[in-house]
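Just query-v9.txt here, compact mmCIF, all heavy atoms:
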```
# COMPACT_ATOMS: atom_id res chain seq x y z
N MET A 1 -111.39 -115.74 -70.04
CA MET A 1 -112.48 -114.77 -70.05
C MET A 1 -112.06 -113.54 -69.25
O MET A 1 -111.64 -113.64 -68.11
CB MET A 1 -113.73 -115.39 -69.45
CG MET A 1 -114.87 -114.45 -69.35
SD MET A 1 -116.30 -115.29 -68.62
CE MET A 1 -117.52 -114.13 -69.06
N PHE A 2 -112.16 -112.38 -69.85
CA PHE A 2 -111.78 -111.14 -69.18
C PHE A 2 -113.03 -110.34 -68.82
O PHE A 2 -113.99 -110.28 -69.58
CB PHE A 2 -110.88 -110.30 -70.08
CG PHE A 2 -109.54 -110.92 -70.28
CD1 PHE A 2 -109.26 -111.65 -71.42
CD2 PHE A 2 -108.56 -110.80 -69.31
CE1 PHE A 2 -108.02 -112.24 -71.60
CE2 PHE A 2 -107.32 -111.37 -69.49
CZ PHE A 2 -107.04 -112.10 -70.63
N LYS A 3 -112.99 -109.75 -67.64
CA LYS A 3 -114.08 -108.88 -67.19
C LYS A 3 -113.83 -107.48 -67.72
O LYS A 3 -112.71 -107.10 -68.04
CB LYS A 3 -114.15 -108.86 -65.66
CG LYS A 3 -114.36 -110.21 -65.03
CD LYS A 3 -115.77 -110.66 -65.19
CE LYS A 3 -115.97 -111.99 -64.49
NZ LYS A 3 -117.29 -112.50 -64.56
N GLU A 4 -114.89 -106.68 -67.76
CA GLU A 4 -114.78 -105.29 -68.19
C GLU A 4 -113.91 -104.51 -67.22
O GLU A 4 -114.00 -104.67 -66.01
CB GLU A 4 -116.17 -104.68 -68.24
CG GLU A 4 -116.19 -103.23 -68.67
CD GLU A 4 -117.58 -102.63 -68.63
OE1 GLU A 4 -118.56 -103.39 -68.62
OE2 GLU A 4 -117.67 -101.40 -68.59
N ARG A 5 -113.04 -103.67 -67.74
CA ARG A 5 -112.17 -102.84 -66.91
C ARG A 5 -112.97 -101.66 -66.36
O ARG A 5 -113.62 -100.95 -67.12
CB ARG A 5 -110.99 -102.35 -67.72
CG ARG A 5 -109.99 -101.60 -66.89
CD ARG A 5 -108.76 -101.28 -67.71
NE ARG A 5 -107.62 -101.35 -66.83
CZ ARG A 5 -106.71 -102.28 -66.83
NH1 ARG A 5 -106.76 -103.23 -67.72
NH2 ARG A 5 -105.72 -102.27 -65.98
N ILE A 6 -112.94 -101.46 -65.04
CA ILE A 6 -113.68 -100.39 -64.38
C ILE A 6 -112.72 -99.22 -64.14
O ILE A 6 -111.68 -99.40 -63.50
CB ILE A 6 -114.25 -100.86 -63.02
CG1 ILE A 6 -115.09 -102.13 -63.18
CG2 ILE A 6 -115.03 -99.75 -62.34
CD1 ILE A 6 -116.30 -101.98 -64.05
N PRO A 7 -113.04 -98.03 -64.63
CA PRO A 7 -112.15 -96.88 -64.38
C PRO A 7 -112.13 -96.53 -62.88
O PRO A 7 -113.15 -96.56 -62.21
CB PRO A 7 -112.76 -95.75 -65.19
CG PRO A 7 -114.12 -96.19 -65.59
CD PRO A 7 -114.20 -97.67 -65.43
N ILE A 8 -110.94 -96.22 -62.39
CA ILE A 8 -110.75 -95.86 -60.98
C ILE A 8 -111.08 -94.38 -60.80
O ILE A 8 -110.61 -93.53 -61.56
CB ILE A 8 -109.30 -96.12 -60.53
CG1 ILE A 8 -108.93 -97.59 -60.73
CG2 ILE A 8 -109.09 -95.70 -59.10
CD1 ILE A 8 -109.68 -98.56 -59.88
N GLU A 9 -111.89 -94.07 -59.79
CA GLU A 9 -112.27 -92.69 -59.48
C GLU A 9 -111.98 -92.39 -58.02
O GLU A 9 -111.69 -93.30 -57.24
CB GLU A 9 -113.76 -92.50 -59.77
CG GLU A 9 -114.15 -92.75 -61.21
CD GLU A 9 -115.65 -92.72 -61.44
OE1 GLU A 9 -116.42 -92.73 -60.45
OE2 GLU A 9 -116.05 -92.70 -62.61
N ASP A 10 -112.09 -91.12 -57.63
CA ASP A 10 -111.91 -90.73 -56.23
C ASP A 10 -112.86 -91.53 -55.34
O ASP A 10 -114.04 -91.68 -55.67
CB ASP A 10 -112.19 -89.24 -56.03
CG ASP A 10 -111.08 -88.36 -56.56
OD1 ASP A 10 -109.96 -88.88 -56.78
OD2 ASP A 10 -111.32 -87.17 -56.78
N GLY A 11 -112.35 -92.05 -54.24
CA GLY A 11 -113.17 -92.79 -53.30
C GLY A 11 -113.24 -94.28 -53.58
O GLY A 11 -113.85 -95.02 -52.82
N ASP A 12 -112.59 -94.75 -54.66
CA ASP A 12 -112.63 -96.17 -54.98
C ASP A 12 -111.61 -97.00 -54.20
O ASP A 12 -111.76 -98.20 -54.06
CB ASP A 12 -112.37 -96.39 -56.47
CG ASP A 12 -113.58 -96.08 -57.34
OD1 ASP A 12 -114.68 -95.90 -56.79
OD2 ASP A 12 -113.41 -96.01 -58.57
N PHE A 13 -110.56 -96.35 -53.69
CA PHE A 13 -109.56 -97.07 -52.92
C PHE A 13 -108.81 -96.11 -52.02
O PHE A 13 -108.91 -94.89 -52.15
CB PHE A 13 -108.57 -97.79 -53.85
CG PHE A 13 -107.60 -96.86 -54.54
CD1 PHE A 13 -106.36 -96.59 -54.00
CD2 PHE A 13 -107.94 -96.25 -55.73
CE1 PHE A 13 -105.47 -95.73 -54.63
CE2 PHE A 13 -107.07 -95.40 -56.38
CZ PHE A 13 -105.83 -95.14 -55.82
N TYR A 14 -108.06 -96.69 -51.09
CA TYR A 14 -107.12 -95.92 -50.27
C TYR A 14 -105.88 -96.78 -50.08
O TYR A 14 -105.91 -97.99 -50.35
CB TYR A 14 -107.73 -95.52 -48.93
CG TYR A 14 -108.15 -96.67 -48.05
CD1 TYR A 14 -107.26 -97.23 -47.14
CD2 TYR A 14 -109.44 -97.20 -48.12
CE1 TYR A 14 -107.64 -98.30 -46.33
CE2 TYR A 14 -109.82 -98.25 -47.31
CZ TYR A 14 -108.92 -98.80 -46.42
OH TYR A 14 -109.29 -99.85 -45.62
N LEU A 15 -104.79 -96.17 -49.66
CA LEU A 15 -103.56 -96.91 -49.38
C LEU A 15 -103.51 -97.19 -47.89
O LEU A 15 -103.66 -96.29 -47.07
CB LEU A 15 -102.34 -96.11 -49.81
CG LEU A 15 -102.25 -95.79 -51.30
CD1 LEU A 15 -101.01 -94.95 -51.58
CD2 LEU A 15 -102.24 -97.05 -52.13
N ASN A 16 -103.28 -98.46 -47.53
CA ASN A 16 -103.20 -98.80 -46.11
C ASN A 16 -101.82 -98.44 -45.57
O ASN A 16 -100.97 -97.91 -46.29
CB ASN A 16 -103.58 -100.26 -45.87
CG ASN A 16 -102.56 -101.25 -46.39
OD1 ASN A 16 -101.46 -100.89 -46.83
ND2 ASN A 16 -102.91 -102.52 -46.35
N GLU A 17 -101.58 -98.75 -44.31
CA GLU A 17 -100.33 -98.36 -43.65
C GLU A 17 -99.10 -99.02 -44.27
O GLU A 17 -97.99 -98.53 -44.13
CB GLU A 17 -100.40 -98.66 -42.14
CG GLU A 17 -100.57 -100.13 -41.79
CD GLU A 17 -101.99 -100.65 -41.92
OE1 GLU A 17 -102.94 -99.85 -42.10
OE2 GLU A 17 -102.17 -101.87 -41.85
N LYS A 18 -99.29 -100.12 -45.00
CA LYS A 18 -98.17 -100.80 -45.67
C LYS A 18 -98.03 -100.37 -47.13
O LYS A 18 -97.16 -100.86 -47.84
CB LYS A 18 -98.36 -102.31 -45.59
CG LYS A 18 -98.24 -102.83 -44.18
CD LYS A 18 -98.32 -104.34 -44.16
CE LYS A 18 -98.18 -104.83 -42.72
NZ LYS A 18 -98.20 -106.29 -42.67
N GLY A 19 -98.91 -99.46 -47.58
CA GLY A 19 -98.83 -98.95 -48.93
C GLY A 19 -99.62 -99.74 -49.96
O GLY A 19 -99.53 -99.47 -51.15
N TYR A 20 -100.41 -100.72 -49.50
CA TYR A 20 -101.23 -101.51 -50.42
C TYR A 20 -102.52 -100.78 -50.75
O TYR A 20 -103.10 -100.10 -49.91
CB TYR A 20 -101.56 -102.88 -49.83
CG TYR A 20 -100.37 -103.79 -49.69
CD1 TYR A 20 -99.81 -104.03 -48.44
CD2 TYR A 20 -99.81 -104.40 -50.81
CE1 TYR A 20 -98.71 -104.86 -48.30
CE2 TYR A 20 -98.72 -105.24 -50.68
CZ TYR A 20 -98.17 -105.47 -49.43
OH TYR A 20 -97.10 -106.30 -49.30
N LYS A 21 -103.00 -100.96 -51.97
CA LYS A 21 -104.25 -100.37 -52.42
C LYS A 21 -105.40 -101.22 -51.86
O LYS A 21 -105.44 -102.44 -52.06
CB LYS A 21 -104.30 -100.36 -53.94
CG LYS A 21 -105.40 -99.52 -54.52
CD LYS A 21 -105.37 -99.54 -56.04
CE LYS A 21 -104.19 -98.76 -56.56
NZ LYS A 21 -104.16 -98.66 -58.03
N VAL A 22 -106.34 -100.59 -51.17
CA VAL A 22 -107.50 -101.28 -50.59
C VAL A 22 -108.74 -100.69 -51.24
O VAL A 22 -109.02 -99.51 -51.11
CB VAL A 22 -107.56 -101.08 -49.06
CG1 VAL A 22 -108.77 -101.78 -48.47
CG2 VAL A 22 -106.28 -101.56 -48.39
N PHE A 23 -109.48 -101.54 -51.96
CA PHE A 23 -110.68 -101.07 -52.65
C PHE A 23 -111.83 -100.91 -51.65
O PHE A 23 -112.00 -101.71 -50.75
CB PHE A 23 -111.07 -102.03 -53.77
CG PHE A 23 -110.12 -101.96 -54.93
CD1 PHE A 23 -109.19 -102.95 -55.15
CD2 PHE A 23 -110.16 -100.88 -55.80
CE1 PHE A 23 -108.30 -102.87 -56.20
CE2 PHE A 23 -109.28 -100.79 -56.87
CZ PHE A 23 -108.35 -101.80 -57.06
N THR A 24 -112.62 -99.87 -51.87
CA THR A 24 -113.75 -99.57 -51.00
C THR A 24 -115.02 -100.24 -51.52
O THR A 24 -115.05 -100.75 -52.64
CB THR A 24 -113.99 -98.04 -50.95
OG1 THR A 24 -114.33 -97.61 -52.27
CG2 THR A 24 -112.77 -97.29 -50.43
N ALA A 25 -116.06 -100.23 -50.69
CA ALA A 25 -117.36 -100.78 -51.10
C ALA A 25 -117.86 -100.06 -52.35
O ALA A 25 -118.48 -100.68 -53.22
CB ALA A 25 -118.36 -100.67 -49.96
N GLN A 26 -117.58 -98.77 -52.46
CA GLN A 26 -117.99 -97.99 -53.64
C GLN A 26 -117.46 -98.64 -54.91
O GLN A 26 -118.19 -98.82 -55.88
CB GLN A 26 -117.44 -96.57 -53.51
CG GLN A 26 -117.58 -95.72 -54.76
CD GLN A 26 -116.95 -94.35 -54.59
OE1 GLN A 26 -117.30 -93.62 -53.67
NE2 GLN A 26 -116.01 -94.01 -55.45
N PHE A 27 -116.19 -99.03 -54.91
CA PHE A 27 -115.61 -99.66 -56.10
C PHE A 27 -116.25 -101.02 -56.36
O PHE A 27 -116.60 -101.36 -57.49
CB PHE A 27 -114.10 -99.83 -55.96
CG PHE A 27 -113.50 -100.58 -57.12
CD1 PHE A 27 -113.27 -99.94 -58.33
CD2 PHE A 27 -113.21 -101.92 -57.02
CE1 PHE A 27 -112.75 -100.64 -59.40
CE2 PHE A 27 -112.69 -102.62 -58.09
CZ PHE A 27 -112.46 -101.98 -59.29
N HIS A 28 -116.41 -101.82 -55.31
CA HIS A 28 -116.99 -103.16 -55.48
C HIS A 28 -118.40 -103.09 -56.05
O HIS A 28 -118.78 -103.90 -56.90
CB HIS A 28 -116.99 -103.92 -54.15
CG HIS A 28 -115.62 -104.25 -53.66
ND1 HIS A 28 -114.74 -105.05 -54.34
CD2 HIS A 28 -114.97 -103.87 -52.53
CE1 HIS A 28 -113.62 -105.17 -53.67
NE2 HIS A 28 -113.73 -104.45 -52.57
N LEU A 29 -119.18 -102.12 -55.61
CA LEU A 29 -120.54 -101.97 -56.13
C LEU A 29 -120.53 -101.56 -57.60
O LEU A 29 -121.35 -102.03 -58.38
CB LEU A 29 -121.33 -100.97 -55.28
CG LEU A 29 -121.70 -101.46 -53.88
CD1 LEU A 29 -122.25 -100.31 -53.06
CD2 LEU A 29 -122.69 -102.60 -53.97
N LYS A 30 -119.59 -100.70 -57.98
CA LYS A 30 -119.47 -100.31 -59.39
C LYS A 30 -119.08 -101.51 -60.24
O LYS A 30 -119.55 -101.66 -61.36
CB LYS A 30 -118.41 -99.22 -59.57
CG LYS A 30 -118.87 -97.86 -59.21
CD LYS A 30 -117.98 -96.75 -59.71
CE LYS A 30 -116.51 -97.01 -59.65
NZ LYS A 30 -115.69 -95.84 -59.91
N ARG A 31 -118.22 -102.38 -59.69
CA ARG A 31 -117.80 -103.57 -60.41
C ARG A 31 -118.99 -104.50 -60.65
O ARG A 31 -119.10 -105.13 -61.68
CB ARG A 31 -116.70 -104.29 -59.64
CG ARG A 31 -116.13 -105.46 -60.41
CD ARG A 31 -114.97 -106.09 -59.72
NE ARG A 31 -115.39 -106.56 -58.41
CZ ARG A 31 -114.56 -106.98 -57.49
NH1 ARG A 31 -113.27 -106.98 -57.70
NH2 ARG A 31 -115.01 -107.39 -56.33
N GLY A 32 -119.87 -104.61 -59.64
CA GLY A 32 -121.13 -105.31 -59.84
C GLY A 32 -121.18 -106.78 -59.48
O GLY A 32 -122.18 -107.43 -59.72
N TYR A 33 -120.11 -107.32 -58.92
CA TYR A 33 -120.13 -108.73 -58.52
C TYR A 33 -119.09 -108.96 -57.42
O TYR A 33 -118.18 -108.16 -57.24
CB TYR A 33 -119.85 -109.66 -59.70
CG TYR A 33 -118.45 -109.49 -60.28
CD1 TYR A 33 -117.40 -110.28 -59.83
CD2 TYR A 33 -118.20 -108.54 -61.25
CE1 TYR A 33 -116.12 -110.12 -60.35
CE2 TYR A 33 -116.93 -108.38 -61.77
CZ TYR A 33 -115.90 -109.18 -61.32
OH TYR A 33 -114.63 -109.01 -61.83
N CYS A 34 -119.23 -110.07 -56.72
CA CYS A 34 -118.27 -110.44 -55.68
C CYS A 34 -117.22 -111.36 -56.28
O CYS A 34 -117.54 -112.33 -56.98
CB CYS A 34 -118.99 -111.16 -54.54
SG CYS A 34 -117.85 -111.69 -53.22
N CYS A 35 -115.95 -111.08 -56.00
CA CYS A 35 -114.86 -111.89 -56.54
C CYS A 35 -114.49 -113.05 -55.62
O CYS A 35 -113.64 -113.87 -55.97
CB CYS A 35 -113.63 -111.02 -56.77
SG CYS A 35 -112.96 -110.26 -55.27
N LYS A 36 -115.11 -113.12 -54.45
CA LYS A 36 -114.87 -114.18 -53.45
C LYS A 36 -113.41 -114.22 -52.98
O LYS A 36 -112.87 -115.28 -52.71
CB LYS A 36 -115.30 -115.53 -53.98
CG LYS A 36 -116.80 -115.67 -54.14
CD LYS A 36 -117.16 -117.09 -54.46
CE LYS A 36 -118.65 -117.29 -54.38
NZ LYS A 36 -119.01 -118.69 -54.59
N SER A 37 -112.78 -113.05 -52.89
CA SER A 37 -111.40 -112.98 -52.40
C SER A 37 -111.35 -112.60 -50.93
O SER A 37 -110.27 -112.54 -50.35
CB SER A 37 -110.61 -111.96 -53.21
OG SER A 37 -110.46 -112.40 -54.54
N GLY A 38 -112.49 -112.33 -50.33
CA GLY A 38 -112.51 -111.92 -48.92
C GLY A 38 -112.10 -110.48 -48.73
O GLY A 38 -111.44 -110.14 -47.75
N CYS A 39 -112.49 -109.61 -49.65
CA CYS A 39 -112.12 -108.19 -49.59
C CYS A 39 -112.60 -107.54 -48.28
O CYS A 39 -113.69 -107.84 -47.79
CB CYS A 39 -112.72 -107.45 -50.77
SG CYS A 39 -112.15 -108.08 -52.37
N LYS A 40 -111.78 -106.67 -47.76
CA LYS A 40 -112.07 -105.99 -46.49
C LYS A 40 -113.39 -105.23 -46.51
O LYS A 40 -114.11 -105.22 -45.53
CB LYS A 40 -110.91 -105.04 -46.16
CG LYS A 40 -111.06 -104.32 -44.85
CD LYS A 40 -109.83 -103.52 -44.53
CE LYS A 40 -109.96 -102.89 -43.17
NZ LYS A 40 -108.71 -102.26 -42.75
N HIS A 41 -113.72 -104.60 -47.62
CA HIS A 41 -114.92 -103.77 -47.71
C HIS A 41 -115.97 -104.37 -48.64
O HIS A 41 -116.67 -103.64 -49.34
CB HIS A 41 -114.55 -102.36 -48.17
CG HIS A 41 -113.59 -101.68 -47.26
ND1 HIS A 41 -113.93 -101.28 -45.99
CD2 HIS A 41 -112.28 -101.37 -47.41
CE1 HIS A 41 -112.88 -100.73 -45.41
NE2 HIS A 41 -111.86 -100.78 -46.25
N CYS A 42 -116.10 -105.69 -48.64
CA CYS A 42 -117.05 -106.36 -49.52
C CYS A 42 -118.49 -105.99 -49.15
O CYS A 42 -118.94 -106.26 -48.04
CB CYS A 42 -116.89 -107.87 -49.44
SG CYS A 42 -118.05 -108.75 -50.50
N PRO A 43 -119.22 -105.36 -50.08
CA PRO A 43 -120.61 -104.99 -49.79
C PRO A 43 -121.59 -106.14 -50.02
O PRO A 43 -122.77 -106.00 -49.77
CB PRO A 43 -120.88 -103.86 -50.77
CG PRO A 43 -120.04 -104.20 -51.95
CD PRO A 43 -118.79 -104.83 -51.38
N TYR A 44 -121.07 -107.27 -50.47
CA TYR A 44 -121.94 -108.41 -50.79
C TYR A 44 -122.07 -109.40 -49.63
O TYR A 44 -122.80 -110.37 -49.74
CB TYR A 44 -121.43 -109.12 -52.04
CG TYR A 44 -121.37 -108.18 -53.23
CD1 TYR A 44 -120.17 -107.66 -53.67
CD2 TYR A 44 -122.53 -107.79 -53.89
CE1 TYR A 44 -120.12 -106.78 -54.73
CE2 TYR A 44 -122.50 -106.92 -54.95
CZ TYR A 44 -121.28 -106.41 -55.37
OH TYR A 44 -121.25 -105.54 -56.42
N GLY A 45 -121.35 -109.16 -48.53
CA GLY A 45 -121.47 -110.01 -47.35
C GLY A 45 -120.76 -111.34 -47.46
O GLY A 45 -121.11 -112.28 -46.76
N TYR A 46 -119.74 -111.44 -48.31
CA TYR A 46 -119.03 -112.72 -48.48
C TYR A 46 -118.09 -112.98 -47.32
O TYR A 46 -117.35 -112.10 -46.89
CB TYR A 46 -118.25 -112.73 -49.79
CG TYR A 46 -117.51 -114.01 -50.02
CD1 TYR A 46 -118.20 -115.18 -50.32
CD2 TYR A 46 -116.13 -114.08 -49.91
CE1 TYR A 46 -117.52 -116.37 -50.52
CE2 TYR A 46 -115.45 -115.25 -50.10
CZ TYR A 46 -116.15 -116.40 -50.39
OH TYR A 46 -115.49 -117.58 -50.57
N ASP A 47 -118.11 -114.20 -46.80
CA ASP A 47 -117.21 -114.63 -45.72
C ASP A 47 -116.31 -115.72 -46.29
O ASP A 47 -116.76 -116.83 -46.59
CB ASP A 47 -118.02 -115.17 -44.54
CG ASP A 47 -117.13 -115.55 -43.37
OD1 ASP A 47 -115.91 -115.76 -43.53
OD2 ASP A 47 -117.68 -115.67 -42.25
N LYS A 48 -115.04 -115.40 -46.45
CA LYS A 48 -114.09 -116.33 -47.06
C LYS A 48 -113.89 -117.59 -46.21
O LYS A 48 -113.68 -118.67 -46.74
CB LYS A 48 -112.75 -115.63 -47.30
CG LYS A 48 -111.78 -116.40 -48.13
CD LYS A 48 -110.56 -115.57 -48.47
CE LYS A 48 -109.62 -116.36 -49.37
NZ LYS A 48 -108.50 -115.54 -49.81
N LYS A 49 -113.97 -117.44 -44.90
CA LYS A 49 -113.76 -118.58 -44.00
C LYS A 49 -114.83 -119.65 -44.19
O LYS A 49 -114.54 -120.84 -44.11
CB LYS A 49 -113.74 -118.12 -42.55
CG LYS A 49 -112.53 -117.28 -42.21
CD LYS A 49 -112.57 -116.81 -40.77
CE LYS A 49 -111.41 -115.87 -40.52
NZ LYS A 49 -111.48 -115.27 -39.19
N THR A 50 -116.07 -119.24 -44.43
CA THR A 50 -117.17 -120.19 -44.58
C THR A 50 -117.63 -120.34 -46.02
O THR A 50 -118.48 -121.19 -46.31
CB THR A 50 -118.38 -119.78 -43.73
OG1 THR A 50 -118.84 -118.50 -44.17
CG2 THR A 50 -118.03 -119.71 -42.25
N ASP A 51 -117.06 -119.53 -46.93
CA ASP A 51 -117.44 -119.53 -48.34
C ASP A 51 -118.95 -119.33 -48.52
O ASP A 51 -119.59 -120.01 -49.32
CB ASP A 51 -116.98 -120.82 -49.03
CG ASP A 51 -117.07 -120.72 -50.55
OD1 ASP A 51 -116.96 -119.60 -51.09
OD2 ASP A 51 -117.27 -121.77 -51.19
N THR A 52 -119.49 -118.39 -47.73
CA THR A 52 -120.92 -118.11 -47.80
C THR A 52 -121.16 -116.60 -47.84
O THR A 52 -120.28 -115.80 -47.50
CB THR A 52 -121.68 -118.67 -46.57
OG1 THR A 52 -121.13 -118.06 -45.39
CG2 THR A 52 -121.57 -120.18 -46.49
N PHE A 53 -122.36 -116.23 -48.23
CA PHE A 53 -122.80 -114.84 -48.22
C PHE A 53 -123.78 -114.68 -47.07
O PHE A 53 -124.62 -115.53 -46.84
CB PHE A 53 -123.50 -114.48 -49.54
CG PHE A 53 -122.56 -114.45 -50.71
CD1 PHE A 53 -122.38 -115.57 -51.49
CD2 PHE A 53 -121.87 -113.30 -51.03
CE1 PHE A 53 -121.52 -115.57 -52.57
CE2 PHE A 53 -121.01 -113.27 -52.11
CZ PHE A 53 -120.84 -114.41 -52.89
N SER A 54 -123.66 -113.57 -46.36
CA SER A 54 -124.60 -113.32 -45.25
C SER A 54 -125.71 -112.38 -45.66
O SER A 54 -125.68 -111.75 -46.66
CB SER A 54 -123.87 -112.75 -44.06
OG SER A 54 -123.19 -111.57 -44.39
```

What does this structure look like when you write it as structure tokens?
Amino acid sequence: MFKERIPIEDGDFYLNEKGYKVFTAQFHLKRGYCCKSGCKHCPYGYDKKTDTFS
């Protein structure tokens, strides 16, 4: 099952000090769901350590 592809726009990500793409809360909200990967800017309040939402 494939999810809909979300077009990347300004403000959706930044490159961290190691050059990795880090998605912002703006992108996650546009996507519309939590992937449960423990994303740094998760707007859904997911905690990967406890597998719960706050």

| Selection near His41 of chain A, 9 Å with only C-alpha atoms, sequence-local residues under 5 positions removed, as a count of residues only | 6

| request: May I have the protein, DNA and RNA residues with an atom at most 12 Å from (-114.0, -107.3, -54.2), counting only C-alpha atoms in the file's coordinates, returned as a list in words? | output: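 It turns out the residues near that spot are Asp12, Phe13, Val22, Phe23, Thr24, Ala25, Gln26, Phe27, His28, Leu29, Lys30, Arg31, Gly32, Tyr33, Cys34, Cys35, Lys36, Ser37, Gly38, Cys39, Lys40, His41, Cys42, Pro43, Tyr44, Gly45, Tyr46, Asp47 and Lys48 of chain A.
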
Enclose the full set of atoms of segment 2-9 of chain A listed in the file within a box whose edges lie along x, y and z, apply 3 Å of padding to each of the six sides, and report centre and edge lengths in Å to one decimal as JSON.
```
{"center_x": -112.1, "center_y": -102.4, "center_z": -64.4, "size_x": 18.8, "size_y": 26.1, "size_z": 20.4}
```

| Between atom CA of Asp51 of chain A and atom CA of Lys21 of chain A - distance in Å to one decimal | 23.6 Å

| So which bits of chain A end up strand (DSSP E or B) when you DSSP the backbone, as a list in words? | Phe13, Tyr14, Leu15, Lys21, Val22, Phe23, Tyr46, Asp47, Thr52 and Phe53 of chain A

| Between atom CG of Tyr20 of chain A and atom O of Ser54 of chain A, what is the distance, to one decimal in Å? | 26.7 Å

| request: Measure the distance from atom N of Leu15 of chain A to atom C of Thr50 of chain A in Å and round it to one decimal. | output: 27.6 Å

| request: as a PyMOL selection string, list the residues of chain A assigned to helix (DSSP H, G or I) by DSSP on the backbone atoms of this structure. | output: chain A and resi 25-31
